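> This is data-v6.tsv (TSV, N, CA and C atoms and all ligand atoms).
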chain	number	residue	atom	x	y	z
K	1	MET	N	51.07	104.94	272.24
K	1	MET	CA	50.62	105.02	270.85
K	1	MET	C	51.76	105.51	269.98
K	2	MET	N	51.62	105.26	268.72
K	2	MET	CA	52.63	105.70	267.78
K	2	MET	C	52.10	106.90	267.01
K	3	PRO	N	52.67	108.06	267.22
K	3	PRO	CA	52.17	109.27	266.55
K	3	PRO	C	52.32	109.21	265.04
K	4	TYR	N	53.26	108.46	264.58
K	4	TYR	CA	53.49	108.38	263.13
K	4	TYR	C	52.24	107.87	262.40
K	5	LEU	N	51.65	106.77	262.92
K	5	LEU	CA	50.47	106.20	262.28
K	5	LEU	C	49.29	107.16	262.33
K	6	THR	N	49.12	107.82	263.43
K	6	THR	CA	48.03	108.78	263.56
K	6	THR	C	48.16	109.88	262.53
K	7	ASP	N	49.40	110.32	262.31
K	7	ASP	CA	49.62	111.38	261.33
K	7	ASP	C	49.27	110.89	259.91
K	8	VAL	N	49.64	109.69	259.60
K	8	VAL	CA	49.39	109.18	258.26
K	8	VAL	C	47.90	109.01	258.01
K	9	ARG	N	47.21	108.48	258.98
K	9	ARG	CA	45.77	108.26	258.80
K	9	ARG	C	45.01	109.55	258.59
K	10	GLN	N	45.51	110.58	259.18
K	10	GLN	CA	44.79	111.85	259.07
K	10	GLN	C	45.34	112.73	257.96
K	11	SER	N	46.21	112.21	257.13
K	11	SER	CA	46.81	113.00	256.06
K	11	SER	C	45.79	113.23	254.96
K	12	PRO	N	45.59	114.50	254.52
K	12	PRO	CA	44.65	114.77	253.42
K	12	PRO	C	45.09	114.15	252.11
K	13	THR	N	46.42	114.03	251.90
K	13	THR	CA	46.91	113.40	250.68
K	13	THR	C	46.54	111.93	250.63
K	14	LEU	N	46.69	111.28	251.79
K	14	LEU	CA	46.35	109.86	251.84
K	14	LEU	C	44.85	109.65	251.66
K	15	ASP	N	44.05	110.51	252.22
K	15	ASP	CA	42.60	110.41	252.04
K	15	ASP	C	42.23	110.57	250.56
K	16	ALA	N	42.87	111.52	249.91
K	16	ALA	CA	42.57	111.72	248.48
K	16	ALA	C	43.02	110.50	247.67
K	17	ALA	N	44.18	109.96	248.06
K	17	ALA	CA	44.67	108.78	247.35
K	17	ALA	C	43.74	107.60	247.58
K	18	ALA	N	43.20	107.48	248.78
K	18	ALA	CA	42.28	106.39	249.08
K	18	ALA	C	41.00	106.53	248.26
K	19	VAL	N	40.53	107.75	248.11
K	19	VAL	CA	39.33	107.99	247.31
K	19	VAL	C	39.60	107.66	245.85
K	20	LEU	N	40.75	108.11	245.36
K	20	LEU	CA	41.11	107.80	243.97
K	20	LEU	C	41.21	106.29	243.75
K	21	LEU	N	41.84	105.63	244.72
K	21	LEU	CA	41.99	104.18	244.61
K	21	LEU	C	40.64	103.49	244.64
K	22	ALA	N	39.77	103.96	245.50
K	22	ALA	CA	38.44	103.35	245.59
K	22	ALA	C	37.65	103.57	244.31
K	23	ASP	N	37.81	104.76	243.71
K	23	ASP	CA	37.09	105.02	242.45
K	23	ASP	C	37.65	104.20	241.30
K	24	ALA	N	38.98	103.99	241.32
K	24	ALA	CA	39.61	103.26	240.21
K	24	ALA	C	39.50	101.75	240.38
K	25	TRP	N	39.18	101.31	241.60
K	25	TRP	CA	39.22	99.88	241.88
K	25	TRP	C	38.23	99.11	241.02
K	26	GLY	N	37.03	99.59	240.93
K	26	GLY	CA	36.01	98.87	240.16
K	26	GLY	C	36.35	98.76	238.68
K	27	PRO	N	36.63	99.87	237.99
K	27	PRO	CA	36.98	99.76	236.57
K	27	PRO	C	38.26	98.95	236.33
K	28	ALA	N	39.26	99.10	237.23
K	28	ALA	CA	40.50	98.33	237.05
K	28	ALA	C	40.23	96.83	237.19
K	29	LEU	N	39.40	96.50	238.15
K	29	LEU	CA	39.08	95.09	238.34
K	29	LEU	C	38.32	94.55	237.13
K	30	ALA	N	37.39	95.34	236.60
K	30	ALA	CA	36.63	94.90	235.43
K	30	ALA	C	37.53	94.75	234.21
K	31	ALA	N	38.46	95.71	234.03
K	31	ALA	CA	39.39	95.61	232.89
K	31	ALA	C	40.29	94.40	233.04
K	32	SER	N	40.78	94.16	234.24
K	32	SER	CA	41.63	93.00	234.46
K	32	SER	C	40.85	91.71	234.20
K	33	TYR	N	39.61	91.70	234.64
K	33	TYR	CA	38.79	90.51	234.41
K	33	TYR	C	38.61	90.26	232.91
K	34	ARG	N	38.32	91.35	232.16
K	34	ARG	CA	38.13	91.19	230.71
K	34	ARG	C	39.42	90.70	230.04
K	35	LEU	N	40.55	91.30	230.44
K	35	LEU	CA	41.83	90.87	229.86
K	35	LEU	C	42.08	89.39	230.18
K	36	GLY	N	41.88	89.02	231.40
K	36	GLY	CA	42.10	87.63	231.80
K	36	GLY	C	41.14	86.69	231.10
K	37	TRP	N	39.89	87.17	230.94
K	37	TRP	CA	38.92	86.31	230.26
K	37	TRP	C	39.34	86.06	228.83
K	38	HIS	N	39.79	87.12	228.13
K	38	HIS	CA	40.22	86.93	226.73
K	38	HIS	C	41.43	86.02	226.65
K	39	ASP	N	42.40	86.25	227.55
K	39	ASP	CA	43.58	85.37	227.54
K	39	ASP	C	43.17	83.92	227.79
K	40	GLY	N	42.35	83.73	228.79
K	40	GLY	CA	41.92	82.37	229.11
K	40	GLY	C	41.11	81.77	227.98
K	41	HIS	N	40.29	82.58	227.36
K	41	HIS	CA	39.48	82.08	226.25
K	41	HIS	C	40.38	81.65	225.09
K	42	ARG	N	41.37	82.50	224.78
K	42	ARG	CA	42.29	82.14	223.67
K	42	ARG	C	43.05	80.86	224.00
K	43	ARG	N	43.57	80.77	225.22
K	43	ARG	CA	44.33	79.57	225.60
K	43	ARG	C	43.44	78.34	225.60
K	44	GLY	N	42.24	78.51	226.10
K	44	GLY	CA	41.33	77.37	226.12
K	44	GLY	C	40.95	76.94	224.71
K	45	HIS	N	40.74	77.92	223.85
K	45	HIS	CA	40.40	77.61	222.45
K	45	HIS	C	41.56	76.88	221.78
K	46	ALA	N	42.79	77.36	222.00
K	46	ALA	CA	43.96	76.70	221.40
K	46	ALA	C	44.11	75.28	221.96
K	47	ALA	N	43.89	75.12	223.25
K	47	ALA	CA	44.01	73.78	223.85
K	47	ALA	C	42.93	72.85	223.29
K	48	ALA	N	41.73	73.38	223.12
K	48	ALA	CA	40.66	72.55	222.56
K	48	ALA	C	40.97	72.16	221.12
K	49	GLU	N	41.52	73.10	220.33
K	49	GLU	CA	41.88	72.76	218.95
K	49	GLU	C	42.98	71.71	218.92
K	50	ALA	N	43.97	71.82	219.79
K	50	ALA	CA	45.05	70.83	219.84
K	50	ALA	C	44.49	69.47	220.25
K	51	ASP	N	43.59	69.48	221.22
K	51	ASP	CA	43.00	68.23	221.68
K	51	ASP	C	42.17	67.59	220.57
K	52	MET	N	41.42	68.42	219.86
K	52	MET	CA	40.61	67.90	218.76
K	52	MET	C	41.50	67.34	217.64
K	53	ALA	N	42.60	68.03	217.34
K	53	ALA	CA	43.52	67.53	216.31
K	53	ALA	C	44.12	66.20	216.73
K	54	ALA	N	44.48	66.08	218.01
K	54	ALA	CA	45.04	64.82	218.48
K	54	ALA	C	44.00	63.70	218.40
K	55	SER	N	42.75	64.03	218.72
K	55	SER	CA	41.69	63.03	218.66
K	55	SER	C	41.45	62.58	217.22
K	56	TRP	N	41.44	63.56	216.29
K	56	TRP	CA	41.26	63.19	214.88
K	56	TRP	C	42.41	62.34	214.39
K	57	HIS	N	43.64	62.64	214.85
K	57	HIS	CA	44.81	61.85	214.44
K	57	HIS	C	44.69	60.42	214.98
K	58	ASP	N	44.28	60.28	216.24
K	58	ASP	CA	44.09	58.95	216.81
K	58	ASP	C	43.02	58.18	216.03
K	59	LEU	N	41.95	58.87	215.70
K	59	LEU	CA	40.88	58.22	214.94
K	59	LEU	C	41.40	57.78	213.56
K	60	TRP	N	42.20	58.63	212.93
K	60	TRP	CA	42.77	58.30	211.62
K	60	TRP	C	43.66	57.07	211.73
K	61	LEU	N	44.50	57.01	212.78
K	61	LEU	CA	45.35	55.83	212.97
K	61	LEU	C	44.50	54.58	213.20
K	62	HIS	N	43.44	54.73	213.98
K	62	HIS	CA	42.57	53.59	214.26
K	62	HIS	C	41.89	53.10	212.98
K	63	VAL	N	41.41	54.03	212.17
K	63	VAL	CA	40.75	53.64	210.92
K	63	VAL	C	41.75	52.96	209.99
K	64	GLN	N	42.97	53.50	209.92
K	64	GLN	CA	43.98	52.85	209.09
K	64	GLN	C	44.25	51.42	209.54
K	65	ALA	N	44.41	51.23	210.85
K	65	ALA	CA	44.68	49.89	211.37
K	65	ALA	C	43.50	48.97	211.10
K	66	THR	N	42.29	49.50	211.24
K	66	THR	CA	41.10	48.68	211.00
K	66	THR	C	41.00	48.30	209.54
K	67	MET	N	41.31	49.26	208.65
K	67	MET	CA	41.19	48.95	207.23
K	67	MET	C	42.27	47.97	206.77
K	68	ARG	N	43.40	47.93	207.45
K	68	ARG	CA	44.46	46.99	207.08
K	68	ARG	C	44.19	45.59	207.60
K	69	SER	N	43.41	45.48	208.67
K	69	SER	CA	43.19	44.17	209.26
K	69	SER	C	42.18	43.38	208.42
K	70	PRO	N	42.26	42.06	208.44
K	70	PRO	CA	41.34	41.27	207.62
K	70	PRO	C	39.90	41.38	208.10
K	71	ARG	N	38.97	41.22	207.18
K	71	ARG	CA	37.56	41.27	207.54
K	71	ARG	C	37.15	39.93	208.12
K	72	HIS	N	35.96	39.90	208.69
K	72	HIS	CA	35.49	38.70	209.37
K	72	HIS	C	35.42	37.51	208.41
K	73	ALA	N	34.92	37.75	207.22
K	73	ALA	CA	34.80	36.65	206.25
K	73	ALA	C	36.19	36.14	205.86
K	74	GLU	N	37.15	37.05	205.75
K	74	GLU	CA	38.51	36.63	205.42
K	74	GLU	C	39.12	35.81	206.54
K	75	LEU	N	38.85	36.21	207.78
K	75	LEU	CA	39.36	35.44	208.91
K	75	LEU	C	38.75	34.04	208.93
K	76	ILE	N	37.45	33.96	208.70
K	76	ILE	CA	36.80	32.65	208.68
K	76	ILE	C	37.39	31.78	207.58
K	77	GLU	N	37.64	32.37	206.42
K	77	GLU	CA	38.21	31.61	205.31
K	77	GLU	C	39.61	31.12	205.65
K	78	ARG	N	40.39	32.01	206.31
K	78	ARG	CA	41.76	31.62	206.67
K	78	ARG	C	41.77	30.51	207.71
K	79	ARG	N	40.80	30.54	208.62
K	79	ARG	CA	40.78	29.57	209.72
K	79	ARG	C	40.00	28.31	209.37
K	80	ARG	N	39.42	28.28	208.19
K	80	ARG	CA	38.64	27.11	207.79
K	80	ARG	C	39.59	25.91	207.70
K	81	LEU	N	39.15	24.81	208.27
K	81	LEU	CA	39.99	23.62	208.28
K	81	LEU	C	39.89	22.93	206.93
K	82	THR	N	41.03	22.82	206.30
K	82	THR	CA	41.08	22.08	205.04
K	82	THR	C	42.13	20.99	205.18
K	83	HIS	N	42.08	20.07	204.27
K	83	HIS	CA	43.08	19.00	204.27
K	83	HIS	C	44.01	19.19	203.08
K	84	ASP	N	44.07	20.43	202.62
K	84	ASP	CA	44.93	20.73	201.47
K	84	ASP	C	46.25	21.32	201.95
K	85	PRO	N	47.33	21.08	201.25
K	85	PRO	CA	48.61	21.73	201.59
K	85	PRO	C	48.55	23.20	201.23
K	86	CYS	N	49.55	23.93	201.66
K	86	CYS	CA	49.59	25.37	201.36
K	86	CYS	C	49.80	25.55	199.86
K	87	PRO	N	49.48	26.71	199.32
K	87	PRO	CA	49.64	26.93	197.87
K	87	PRO	C	51.06	26.66	197.37
K	88	ALA	N	52.06	26.91	198.21
K	88	ALA	CA	53.44	26.68	197.77
K	88	ALA	C	53.84	25.22	197.91
K	89	ARG	N	53.03	24.45	198.62
K	89	ARG	CA	53.35	23.03	198.89
K	89	ARG	C	54.78	22.88	199.42
K	90	CYS	N	55.03	23.62	200.50
K	90	CYS	CA	56.39	23.66	201.05
K	90	CYS	C	56.74	22.37	201.78
K	91	GLY	N	55.76	21.69	202.32
K	91	GLY	CA	56.05	20.45	203.04
K	91	GLY	C	56.50	20.67	204.47
K	92	ARG	N	56.62	21.92	204.91
K	92	ARG	CA	57.13	22.18	206.26
K	92	ARG	C	56.11	22.89	207.15
K	93	CYS	N	55.14	23.58	206.56
K	93	CYS	CA	54.21	24.37	207.38
K	93	CYS	C	53.12	23.47	207.94
K	94	SER	N	52.31	24.02	208.82
K	94	SER	CA	51.29	23.23	209.50
K	94	SER	C	50.25	22.72	208.51
K	95	ALA	N	49.92	23.52	207.49
K	95	ALA	CA	48.93	23.07	206.51
K	95	ALA	C	49.46	21.86	205.74
K	96	CYS	N	50.73	21.90	205.35
K	96	CYS	CA	51.31	20.77	204.60
K	96	CYS	C	51.43	19.53	205.49
K	97	ILE	N	51.85	19.72	206.73
K	97	ILE	CA	51.97	18.58	207.65
K	97	ILE	C	50.59	17.98	207.90
K	98	HIS	N	49.59	18.84	208.11
K	98	HIS	CA	48.23	18.34	208.33
K	98	HIS	C	47.73	17.61	207.08
K	99	ALA	N	47.97	18.16	205.90
K	99	ALA	CA	47.51	17.52	204.66
K	99	ALA	C	48.16	16.15	204.48
K	100	GLU	N	49.43	16.06	204.80
K	100	GLU	CA	50.14	14.79	204.67
K	100	GLU	C	49.53	13.73	205.59
K	101	HIS	N	49.26	14.12	206.84
K	101	HIS	CA	48.70	13.16	207.79
K	101	HIS	C	47.24	12.87	207.51
K	102	ALA	N	46.50	13.86	207.03
K	102	ALA	CA	45.10	13.62	206.67
K	102	ALA	C	45.03	12.62	205.51
K	103	ALA	N	45.92	12.75	204.53
K	103	ALA	CA	45.93	11.80	203.41
K	103	ALA	C	46.29	10.40	203.89
K	104	ALA	N	47.26	10.33	204.82
K	104	ALA	CA	47.65	9.03	205.36
K	104	ALA	C	46.49	8.41	206.15
K	105	ASN	N	45.79	9.23	206.94
K	105	ASN	CA	44.66	8.71	207.72
K	105	ASN	C	43.52	8.27	206.80
K	106	LEU	N	43.30	9.03	205.72
K	106	LEU	CA	42.26	8.64	204.76
K	106	LEU	C	42.57	7.27	204.16
K	107	ALA	N	43.82	7.09	203.79
K	107	ALA	CA	44.20	5.82	203.18
K	107	ALA	C	44.12	4.69	204.20
K	108	ARG	N	44.45	4.98	205.44
K	108	ARG	CA	44.54	3.91	206.43
K	108	ARG	C	43.21	3.63	207.13
K	109	TYR	N	42.48	4.74	207.50
K	109	TYR	CA	41.26	4.56	208.30
K	109	TYR	C	40.01	4.99	207.57
K	110	GLY	N	40.13	5.56	206.39
K	110	GLY	CA	38.97	6.00	205.65
K	110	GLY	C	38.43	7.34	206.11
K	111	ARG	N	39.14	8.04	206.92
K	111	ARG	CA	38.74	9.37	207.40
K	111	ARG	C	39.99	10.20	207.65
K	112	PRO	N	39.89	11.51	207.53
K	112	PRO	CA	41.11	12.33	207.63
K	112	PRO	C	41.66	12.41	209.06
K	113	ASP	N	40.81	12.24	210.04
K	113	ASP	CA	41.29	12.33	211.44
K	113	ASP	C	41.59	10.94	211.97
K	114	TYR	N	42.48	10.87	212.91
K	114	TYR	CA	42.81	9.63	213.55
K	114	TYR	C	41.57	9.12	214.29
K	115	PRO	N	41.28	7.83	214.27
K	115	PRO	CA	40.08	7.33	214.96
K	115	PRO	C	40.12	7.71	216.44
K	116	GLY	N	39.00	8.19	216.93
K	116	GLY	CA	38.94	8.62	218.31
K	116	GLY	C	39.24	10.10	218.50
K	117	ALA	N	39.66	10.75	217.42
K	117	ALA	CA	39.90	12.20	217.53
K	117	ALA	C	38.58	12.93	217.80
K	118	THR	N	38.61	13.94	218.59
K	118	THR	CA	37.36	14.59	219.03
K	118	THR	C	36.92	15.72	218.13
K	119	ARG	N	37.52	15.92	217.02
K	119	ARG	CA	37.10	17.04	216.19
K	119	ARG	C	36.00	16.68	215.22
Z	201	ZN	ZN	53.26	24.47	203.31
So, in terms of structure tokens, how does the structure I just supplied come out?

Amino acid sequence: MMPYLTDVRQSPTLDAAAVLLADAWGPALAASYRLGWHDGHRRGHAAAEADMAASWHDLWLHVQATMRSPRHAELIERRRLTHDPCPARCGRCSACIHAEHAAANLARYGRPDYPGATR
């Protein structure tokens, strides 16, 4: 056996220290828990506020993009098939090329589309 350990275990100073430690353990643990809870609460609150700000910013960007995009009626109007050239009458864009050929087909076949076209 090791006499050193036996002496320490039976030391009155160590016994008193153990009692003091046991008495202080509960309040120290409770205080540490409260401190940790407040720290965690503050950090969690800050993280939630940052997350909410980021979400609001994303929503703002989404609303901006949505408000800039054309509405359904505008899209339908833009995609409506006409046989008219573009307002600038450039002669090079698809609307002008289509108008030129539609006029030629009207004169030649009496209809804007080539005979047999499936549209
Ligand atoms: Zn054009």
> Hey, which bits of chain K sit within 5 Å of ligand ZN 201 (chain Z), and for each residue what's the closest pair of atoms and how far apart in Å (one decimal), counting all atoms listed in the file, rows by chain and increasing number, as JSON lines?

{"residue": "K:Cys86", "atom": "N", "partner": "Z:ZN201", "partner_atom": "ZN", "distance": 4.1}
{"residue": "K:Arg89", "atom": "C", "partner": "Z:ZN201", "partner_atom": "ZN", "distance": 4.5}
{"residue": "K:Cys90", "atom": "N", "partner": "Z:ZN201", "partner_atom": "ZN", "distance": 3.4}
{"residue": "K:Gly91", "atom": "N", "partner": "Z:ZN201", "partner_atom": "ZN", "distance": 3.9}
{"residue": "K:Arg92", "atom": "N", "partner": "Z:ZN201", "partner_atom": "ZN", "distance": 4.5}
{"residue": "K:Cys93", "atom": "N", "partner": "Z:ZN201", "partner_atom": "ZN", "distance": 3.9}
{"residue": "K:Cys96", "atom": "N", "partner": "Z:ZN201", "partner_atom": "ZN", "distance": 4.1}
> Give me, please, the distance in Å between CA of Ile97 (chain K) and CA of Arg71 (chain K), quoted to one decimal.
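Atom-to-atom, CA of Ile97 (chain K) and CA of Arg71 (chain K) are spaced 26.9 Å apart.
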> What gap, in Å, lies between atom N of Pro85 (chain K) and atom N of Ala99 (chain K)?
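Atom-to-atom, atom N of Pro85 (chain K) and atom N of Ala99 (chain K) are spaced 5.5 Å apart.
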> Taking only chain K into account, list the residues labelled helix (DSSP H, G or I) by DSSP (computed from the backbone), as a ChimeraX atom specification.
/K:3-9,12-68,72-79,94-109
> What does the structure give for the distance between CA of Leu21 (chain K) and CA of Tyr33 (chain K), in Å to one decimal?
17.4 Å
> Calculate, to one decimal in Å, the centre and edge lengths of the box along x, y and z of the file that holds all listed atoms of region 89-108 of chain K with 3 Å of margin on each side, and present them as JSON.

{"center_x": 49.7, "center_y": 14.0, "center_z": 204.1, "size_x": 20.9, "size_y": 26.8, "size_z": 16.9}
> Within 7 Å of region 73-84 of chain K, counting only N, CA and C atoms, which residues qualify if same-chain residues fewer than 5 places away don't, as a list of chain:residue names?
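In the requested form, the answer reads K:Ala95, K:Cys96, K:His98, K:Ala99, K:Glu100, K:Ala102, K:Ala103.
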